[in-house]
>>> print(open('final_13.cif').read())   # mmCIF, C-alpha atoms and all ligand atoms
data_structure
#
loop_
_atom_site.label_atom_id
_atom_site.label_comp_id
_atom_site.auth_asym_id
_atom_site.auth_seq_id
_atom_site.Cartn_x
_atom_site.Cartn_y
_atom_site.Cartn_z
CA MET Y 254 -21.84 255.48 8.33
CA GLY Y 255 -21.06 252.04 7.00
CA THR Y 256 -19.97 249.47 9.50
CA SER Y 257 -19.56 246.71 6.92
CA GLY Y 258 -15.73 246.84 6.96
CA LEU Y 259 -15.62 246.42 10.72
CA THR Y 260 -13.91 243.51 12.42
CA THR Y 261 -13.09 242.69 16.04
CA THR Y 262 -10.16 240.43 16.92
CA GLN Y 263 -7.46 240.10 19.53
CA MET Y 264 -4.91 242.92 19.65
CA THR Y 265 -1.51 242.00 18.26
CA GLU Y 266 1.81 243.20 19.73
CA SER Y 267 2.34 245.55 16.77
CA GLU Y 268 -1.00 247.27 17.51
CA THR Y 269 -0.06 248.24 21.08
CA GLU Y 270 1.01 251.73 20.06
CA ALA Y 271 -2.17 252.45 18.07
CA VAL Y 272 -4.31 251.23 20.97
CA SER Y 273 -2.35 253.46 23.34
CA GLU Y 274 -3.05 256.45 21.05
CA LEU Y 275 -6.76 255.60 20.93
CA LEU Y 276 -6.94 255.35 24.73
CA GLN Y 277 -5.10 258.64 25.11
CA SER Y 278 -7.58 260.46 22.88
CA SER Y 279 -10.51 258.79 24.68
CA TYR Y 280 -9.10 259.79 28.08
CA THR Y 281 -8.61 263.36 26.87
CA TRP Y 282 -12.25 263.35 25.74
CA LEU Y 283 -13.33 261.92 29.11
CA GLY Y 284 -11.33 264.55 30.97
CA GLU Y 285 -13.30 267.26 29.17
CA HIS Y 286 -16.71 265.60 29.52
CA GLU Y 287 -16.55 264.09 33.02
CA GLY Y 288 -15.17 267.18 34.70
CA LEU Y 289 -11.89 265.52 35.69
CA THR Y 290 -9.11 267.60 37.19
CA ALA Y 291 -6.06 268.28 35.03
CA GLU Y 292 -4.11 265.87 37.28
CA GLN Y 293 -6.67 263.10 36.81
CA THR Y 294 -6.72 263.54 33.04
CA ASP Y 295 -2.95 263.57 32.99
CA PHE Y 296 -2.84 260.36 35.08
CA LEU Y 297 -5.21 258.61 32.67
CA VAL Y 298 -3.44 259.84 29.54
CA SER Y 299 0.17 259.46 30.57
CA GLN Y 300 -0.12 256.36 32.77
CA ARG Y 301 -3.25 254.30 31.97
CA GLY Y 302 -2.96 255.16 28.29
CA SER Y 303 0.77 254.54 27.96
CA VAL Y 304 2.23 251.92 25.63
CA ASP Y 305 3.87 250.25 28.64
CA HIS Y 306 0.61 250.03 30.55
CA VAL Y 307 -1.29 248.59 27.57
CA ARG Y 308 1.50 246.08 26.90
CA HIS Y 309 1.60 245.04 30.55
CA GLU Y 310 -2.17 244.79 30.98
CA SER Y 311 -2.67 242.85 27.77
CA GLN Y 312 -0.60 240.03 29.26
CA SER Y 313 -3.33 239.33 31.83
CA GLN Y 314 -6.42 240.75 30.10
CA LEU Y 315 -7.90 239.90 26.73
CA TYR Y 316 -7.63 242.99 24.53
CA LEU Y 317 -9.94 242.98 21.53
CA VAL Y 318 -9.72 245.74 18.93
CA ALA Y 319 -12.26 247.00 16.41
CA ARG Y 320 -10.82 247.85 13.02
CA ASP Y 321 -12.40 249.80 10.22
CA GLY Y 322 -10.29 248.84 7.25
CA GLY Y 323 -6.74 249.23 8.58
CA ARG Y 324 -7.63 251.68 11.29
CA ILE Y 325 -8.12 250.85 14.97
CA VAL Y 326 -11.37 252.52 16.05
CA GLY Y 327 -12.15 250.86 19.38
CA VAL Y 328 -10.85 248.61 22.12
CA VAL Y 329 -12.29 246.42 24.86
CA ALA Y 330 -10.37 244.63 27.62
CA VAL Y 331 -11.83 241.62 29.42
CA SER Y 332 -10.66 239.95 32.62
CA GLY Y 333 -12.78 237.07 33.91
CA ASP Y 334 -16.33 238.40 34.17
CA LEU Y 335 -15.14 242.02 34.17
CA ILE Y 336 -15.09 244.46 31.25
CA ALA Y 337 -12.03 246.38 32.38
CA LYS Y 338 -12.29 249.04 29.65
CA LEU Y 339 -14.27 249.80 26.51
CA TYR Y 340 -13.45 252.80 24.37
CA VAL Y 341 -14.42 253.94 20.92
CA SER Y 342 -12.32 256.56 19.19
CA PRO Y 343 -14.11 259.91 19.75
CA GLU Y 344 -14.37 260.48 15.95
CA HIS Y 345 -16.05 257.09 15.46
CA THR Y 346 -18.75 257.02 18.14
CA GLY Y 347 -22.41 256.52 17.26
CA LYS Y 348 -21.77 253.97 14.49
CA GLY Y 349 -22.38 250.72 16.36
CA ILE Y 350 -18.71 250.10 17.22
CA GLY Y 351 -19.34 250.21 20.98
CA ARG Y 352 -22.14 247.66 20.64
CA MET Y 353 -19.92 245.41 18.50
CA LEU Y 354 -17.14 245.52 21.11
CA TYR Y 355 -19.57 244.99 23.97
CA GLU Y 356 -21.10 241.97 22.26
CA ALA Y 357 -17.66 240.47 21.60
CA ALA Y 358 -16.77 240.97 25.27
CA GLU Y 359 -20.06 239.49 26.50
CA SER Y 360 -19.60 236.43 24.25
CA THR Y 361 -16.09 235.95 25.65
CA ILE Y 362 -17.39 236.21 29.23
CA ARG Y 363 -20.27 233.84 28.50
CA ALA Y 364 -17.89 231.36 26.85
CA GLY Y 365 -15.75 231.54 30.00
CA GLY Y 366 -18.70 230.10 31.93
CA HIS Y 367 -19.40 233.25 33.95
CA ALA Y 368 -22.90 234.00 35.22
CA ARG Y 369 -22.69 237.78 34.84
CA VAL Y 370 -20.91 240.72 33.22
CA ARG Y 371 -19.47 243.36 35.57
CA LEU Y 372 -17.93 246.79 34.97
CA GLY Y 373 -17.34 250.21 36.45
CA ALA Y 374 -18.66 252.98 34.19
CA PHE Y 375 -18.02 256.68 33.99
CA PRO Y 376 -21.38 258.51 34.33
CA THR Y 377 -21.55 259.51 30.65
CA ALA Y 378 -21.29 255.85 29.58
CA VAL Y 379 -24.13 254.60 31.81
CA PRO Y 380 -26.92 255.07 29.20
CA PHE Y 381 -24.87 253.09 26.66
CA TYR Y 382 -24.42 250.15 29.05
CA GLU Y 383 -28.10 250.29 30.04
CA ARG Y 384 -28.84 249.91 26.35
CA MET Y 385 -26.58 246.83 26.42
CA GLY Y 386 -28.75 245.36 29.19
CA LEU Y 387 -26.69 246.22 32.27
CA GLU Y 388 -28.01 247.91 35.38
CA VAL Y 389 -26.40 250.06 38.02
CA VAL Y 390 -25.99 248.07 41.25
CA SER Y 391 -23.98 250.60 43.28
CA HIS Y 392 -21.67 253.60 43.07
CA ARG Y 393 -18.05 253.74 44.09
CA THR Y 394 -15.26 256.27 44.17
CA PRO Y 395 -11.83 254.87 43.37
CA THR Y 396 -8.89 255.32 45.69
CA GLY Y 397 -5.68 256.91 44.41
CA PRO Y 398 -5.43 259.52 41.64
CA LEU Y 399 -9.03 259.06 40.51
CA GLU Y 400 -10.48 259.61 43.98
CA GLY Y 401 -13.65 261.69 43.90
CA LEU Y 402 -15.01 260.23 40.66
CA ASN Y 403 -18.45 258.73 40.91
CA MET Y 404 -18.17 255.40 39.09
CA ALA Y 405 -21.32 253.37 38.46
CA MET Y 406 -20.85 249.67 39.20
CA MET Y 407 -22.99 247.87 36.63
CA GLU Y 408 -23.95 244.25 36.06
CA LYS Y 409 -25.87 242.03 33.70
CA ARG Y 410 -26.84 238.49 34.54
CA LEU Y 411 -26.15 236.05 31.76
CA GLY Y 412 -29.09 233.67 31.70
CA ALA Y 413 -28.75 230.34 29.92
CA LYS Y 414 -29.34 230.99 26.25
CA GLY Y 415 -31.35 228.74 24.03
CA PHE Y 416 -34.61 226.95 23.51
CA GLU Y 417 -37.01 226.94 26.42
CA GLY Y 418 -38.73 223.67 25.60
CA PRO Y 419 -42.11 222.62 26.89
CA LYS Y 420 -42.08 221.36 30.44
CA ILE Y 421 -43.50 217.86 30.48
C1 LIG F 501 -19.78 254.84 25.46
C2 LIG F 501 -19.19 254.37 24.12
C3 LIG F 501 -18.31 253.17 24.36
C4 LIG F 501 -20.34 254.02 23.16
O1 LIG F 501 -19.79 253.57 21.91
P1 LIG F 501 -20.51 253.90 20.51
O2 LIG F 501 -19.77 253.22 19.42
O3 LIG F 501 -20.71 255.36 20.37
O4 LIG F 501 -21.94 253.20 20.74
P2 LIG F 501 -22.86 252.53 19.62
O5 LIG F 501 -22.91 253.39 18.41
O6 LIG F 501 -22.45 251.11 19.42
O7 LIG F 501 -24.26 252.56 20.35
C5 LIG F 501 -24.94 251.37 20.78
C6 LIG F 501 -26.27 251.76 21.35
O8 LIG F 501 -26.09 252.53 22.54
C7 LIG F 501 -26.76 253.78 22.40
N1 LIG F 501 -25.91 254.81 23.01
C8 LIG F 501 -24.58 255.01 22.82
N2 LIG F 501 -24.16 256.06 23.56
C9 LIG F 501 -25.25 256.51 24.21
C10 LIG F 501 -25.48 257.56 25.11
N3 LIG F 501 -24.49 258.37 25.53
N4 LIG F 501 -26.73 257.76 25.59
C11 LIG F 501 -27.75 256.95 25.20
N5 LIG F 501 -27.60 255.92 24.33
C12 LIG F 501 -26.37 255.71 23.85
C13 LIG F 501 -26.88 254.01 20.91
O9 LIG F 501 -27.98 254.85 20.61
C14 LIG F 501 -27.09 252.61 20.40
O10 LIG F 501 -28.41 252.19 20.54
P3 LIG F 501 -29.08 251.23 19.41
O11 LIG F 501 -28.04 250.21 19.03
O12 LIG F 501 -30.24 250.64 20.08
O13 LIG F 501 -29.40 252.14 18.29
C15 LIG F 501 -18.39 255.50 23.44
O14 LIG F 501 -19.23 256.61 23.24
C16 LIG F 501 -17.17 255.92 24.21
O15 LIG F 501 -16.10 255.33 24.07
N6 LIG F 501 -17.28 257.00 24.99
C17 LIG F 501 -16.21 257.65 25.68
C18 LIG F 501 -15.48 256.82 26.68
C19 LIG F 501 -16.32 256.06 27.64
O16 LIG F 501 -17.11 256.64 28.36
N7 LIG F 501 -16.09 254.74 27.65
C20 LIG F 501 -16.62 253.84 28.60
C21 LIG F 501 -15.74 253.86 29.81
S1 LIG F 501 -16.50 253.11 31.17
#
>>> encode(input="final_13.cif", output="structure tokens")
Amino acid sequence: MGTSGLTTTQMTESETEAVSELLQSSYTWLGEHEGLTAEQTDFLVSQRGSVDHVRHESQSQLYLVARDGGRIVGVVAVSGDLIAKLYVSPEHTGKGIGRMLYEAAESTIRAGGHARVRLGAFPTAVPFYERMGLEVVSHRTPTGPLEGLNMAMMEKRLGAKGFEGPKI
């Protein structure tokens, strides 16, 4: 294992390609494990995972990347109170990288003054997010190429953190 060399910081322009590659392998993995059609997997890999899409999206969303040494092993994108995506490279799951990325995203959302964290999760990721303290509030199927998928809409309320002093 060994997560001691791990860091999470904002994606740089030169990392766009590596993040695109990571997303493409995660989407391929998802396609196999979520029962997506070949067209849906292809849409995710060739459009959502493309360098152009990542470059475009990272202009309006905060992209944070997890690095293990020089290697990019995970990515999370935050927009307001929404975690727009969170992926760990399929070869690096189960080592605490997802938790590290989630916590970085939650801190960012909290620092933005938001009262909750929101996201739409693929079914296989629901237990992970429950572990992070979120709960399923509804289910939704997207419109467009991903129609038919059963996404879990999840939320976590961000209570005020800190000392609960005695009430006088
Ligand atoms: C879901 C995902 C982000 C989790 O990342 P990860 O690095 O493997 O997770 P971590 O190792 O940080 O696990 C954190 C905690 O969640 C738990 N956990 C992770 N995946 C889990 C699962 N499938 N079922 C139950 N618990 C799970 C771990 O046991 C761990 O618990 P602990 O810290 O109390 O010991 C990662 O597996 C992934 O990218 N999956 C494929 C793509 C995907 O579904 N992404 C989310 C899109 S919505």
>>> closest_atom_pairs(input="final_13.cif", of="chain Y", to="ligand LIG 501 (chain F)", cutoff="8 Å", atoms="all atoms listed in the file", output="tab-separated table")
residue	atom	partner	partner_atom	distance
Y:Ser279	CA	F:LIG501	C18	5.7
Y:Tyr280	CA	F:LIG501	C18	7.2
Y:Trp282	CA	F:LIG501	C17	6.9
Y:Leu283	CA	F:LIG501	C18	6.0
Y:Gly327	CA	F:LIG501	O15	7.6
Y:Lys338	CA	F:LIG501	C21	5.9
Y:Leu339	CA	F:LIG501	C20	5.1
Y:Tyr340	CA	F:LIG501	O15	3.7
Y:Val341	CA	F:LIG501	O15	3.8
Y:Ser342	CA	F:LIG501	O15	6.3
Y:Pro343	CA	F:LIG501	O15	6.6
Y:His345	CA	F:LIG501	O2	6.7
Y:Thr346	CA	F:LIG501	O3	3.4
Y:Gly347	CA	F:LIG501	O5	3.4
Y:Lys348	CA	F:LIG501	O5	4.1
Y:Gly349	CA	F:LIG501	O6	3.1
Y:Ile350	CA	F:LIG501	O2	4.0
Y:Gly351	CA	F:LIG501	O2	3.4
Y:Arg352	CA	F:LIG501	O6	3.7
Y:Met353	CA	F:LIG501	O6	6.3
Y:Leu354	CA	F:LIG501	O6	7.9
Y:Leu372	CA	F:LIG501	S1	7.5
Y:Gly373	CA	F:LIG501	S1	6.1
Y:Ala374	CA	F:LIG501	S1	3.7
Y:Phe375	CA	F:LIG501	S1	4.8
Y:Pro376	CA	F:LIG501	O16	7.6
Y:Thr377	CA	F:LIG501	O16	5.8
Y:Ala378	CA	F:LIG501	O16	4.4
Y:Val379	CA	F:LIG501	N3	7.3
Y:Pro380	CA	F:LIG501	C11	4.5
Y:Phe381	CA	F:LIG501	C12	4.1
Y:Tyr382	CA	F:LIG501	O8	7.1
Y:Arg384	CA	F:LIG501	O8	5.4
Y:Met385	CA	F:LIG501	O8	6.9
>>> atom_distance(input="final_13.cif", atom1="CA of Ser391 (chain Y)", atom2="CA of Met407 (chain Y)")
7.3 Å
>>> closest_residue(input="final_13.cif", among="Y:Leu276, Y:Val326, Y:Ala291, Y:Met264", to="Leu399 (chain Y)", atoms="all atoms listed in the file")
Y:Ala291
>>> closest_residue(input="final_13.cif", among="Y:Ala271, Y:Leu315, Y:Ala337, Y:Val329", to="Tyr355 (chain Y)", atoms="all atoms listed in the file")
Y:Val329
>>> residues_around(input="final_13.cif", residues="region 364-368 of chain Y", least_positions_apart="6", cutoff="8 Å", atoms="only C-alpha atoms", output="list in words")
Gly333, Asp334, Arg410, Leu411 and Gly412 of chain Y
>>> write_last_selection(input="final_13.cif", atoms="C-alpha atoms", output="PDB file, in the frame of the given file")
ATOM      1  CA  GLY Y 333     -12.780 237.070  33.910  1.00  0.00           C
ATOM      2  CA  ASP Y 334     -16.330 238.400  34.170  1.00  0.00           C
ATOM      3  CA  ARG Y 410     -26.840 238.490  34.540  1.00  0.00           C
ATOM      4  CA  LEU Y 411     -26.150 236.050  31.760  1.00  0.00           C
ATOM      5  CA  GLY Y 412     -29.090 233.670  31.700  1.00  0.00           C
TER       6      GLY Y 412
END
>>> closest_residue(input="final_13.cif", among="Y:Ala357, Y:Leu289, Y:Val389, Y:Val318", to="Ala405 (chain Y)", atoms="all atoms listed in the file")
Y:Val389
>>> atom_distance(input="final_13.cif", atom1="CA of Phe296 (chain Y)", atom2="CA of Gln314 (chain Y)")
20.5 Å
>>> residues_around(input="final_13.cif", residues="Glu266 (chain Y)", least_positions_apart="3", cutoff="9 Å", atoms="all atoms listed in the file", output="ChimeraX atom specification")
/Y:269-270,308
>>> write_last_selection(input="final_13.cif", atoms="C-alpha atoms", output="PDB file, in the coordinates of the input")
ATOM      1  CA  THR Y 269      -0.060 248.240  21.080  1.00  0.00           C
ATOM      2  CA  GLU Y 270       1.010 251.730  20.060  1.00  0.00           C
ATOM      3  CA  ARG Y 308       1.500 246.080  26.900  1.00  0.00           C
TER       4      ARG Y 308
END
>>> atom_distance(input="final_13.cif", atom1="CA of Glu356 (chain Y)", atom2="CA of Leu259 (chain Y)")
13.5 Å
>>> closest_residue(input="final_13.cif", among="Y:Gly302, Y:Gln293, Y:Ser311, Y:Glu287", to="Asn403 (chain Y)", atoms="all atoms listed in the file")
Y:Glu287
>>> closest_residue(input="final_13.cif", among="Y:Asp321, Y:Glu268, Y:Glu292, Y:Glu388", to="Val304 (chain Y)", atoms="all atoms listed in the file")
Y:Glu268
>>> residues_around(input="final_13.cif", residues="Gln277 (chain Y)", least_positions_apart="4", cutoff="9 Å", atoms="all atoms listed in the file", output="list in words")
Val272, Ser273, Thr281, Trp282, Leu297, Val298, Ser299, Arg301, Gly302 and Ser303 of chain Y
>>> write_last_selection(input="final_13.cif", atoms="C-alpha atoms", output="short mmCIF file (atom, residue, chain, number, x, y, z; two decimals), keeping the file's coordinate frame")
data_model
loop_
_atom_site.label_atom_id
_atom_site.label_comp_id
_atom_site.auth_asym_id
_atom_site.auth_seq_id
_atom_site.Cartn_x
_atom_site.Cartn_y
_atom_site.Cartn_z
CA VAL Y 272 -4.31 251.23 20.97
CA SER Y 273 -2.35 253.46 23.34
CA THR Y 281 -8.61 263.36 26.87
CA TRP Y 282 -12.25 263.35 25.74
CA LEU Y 297 -5.21 258.61 32.67
CA VAL Y 298 -3.44 259.84 29.54
CA SER Y 299 0.17 259.46 30.57
CA ARG Y 301 -3.25 254.30 31.97
CA GLY Y 302 -2.96 255.16 28.29
CA SER Y 303 0.77 254.54 27.96
#
>>> closest_residue(input="final_13.cif", among="Y:Glu344, Y:Asp305, Y:Glu310, Y:Glu400", to="Ser278 (chain Y)", atoms="all atoms listed in the file")
Y:Glu344
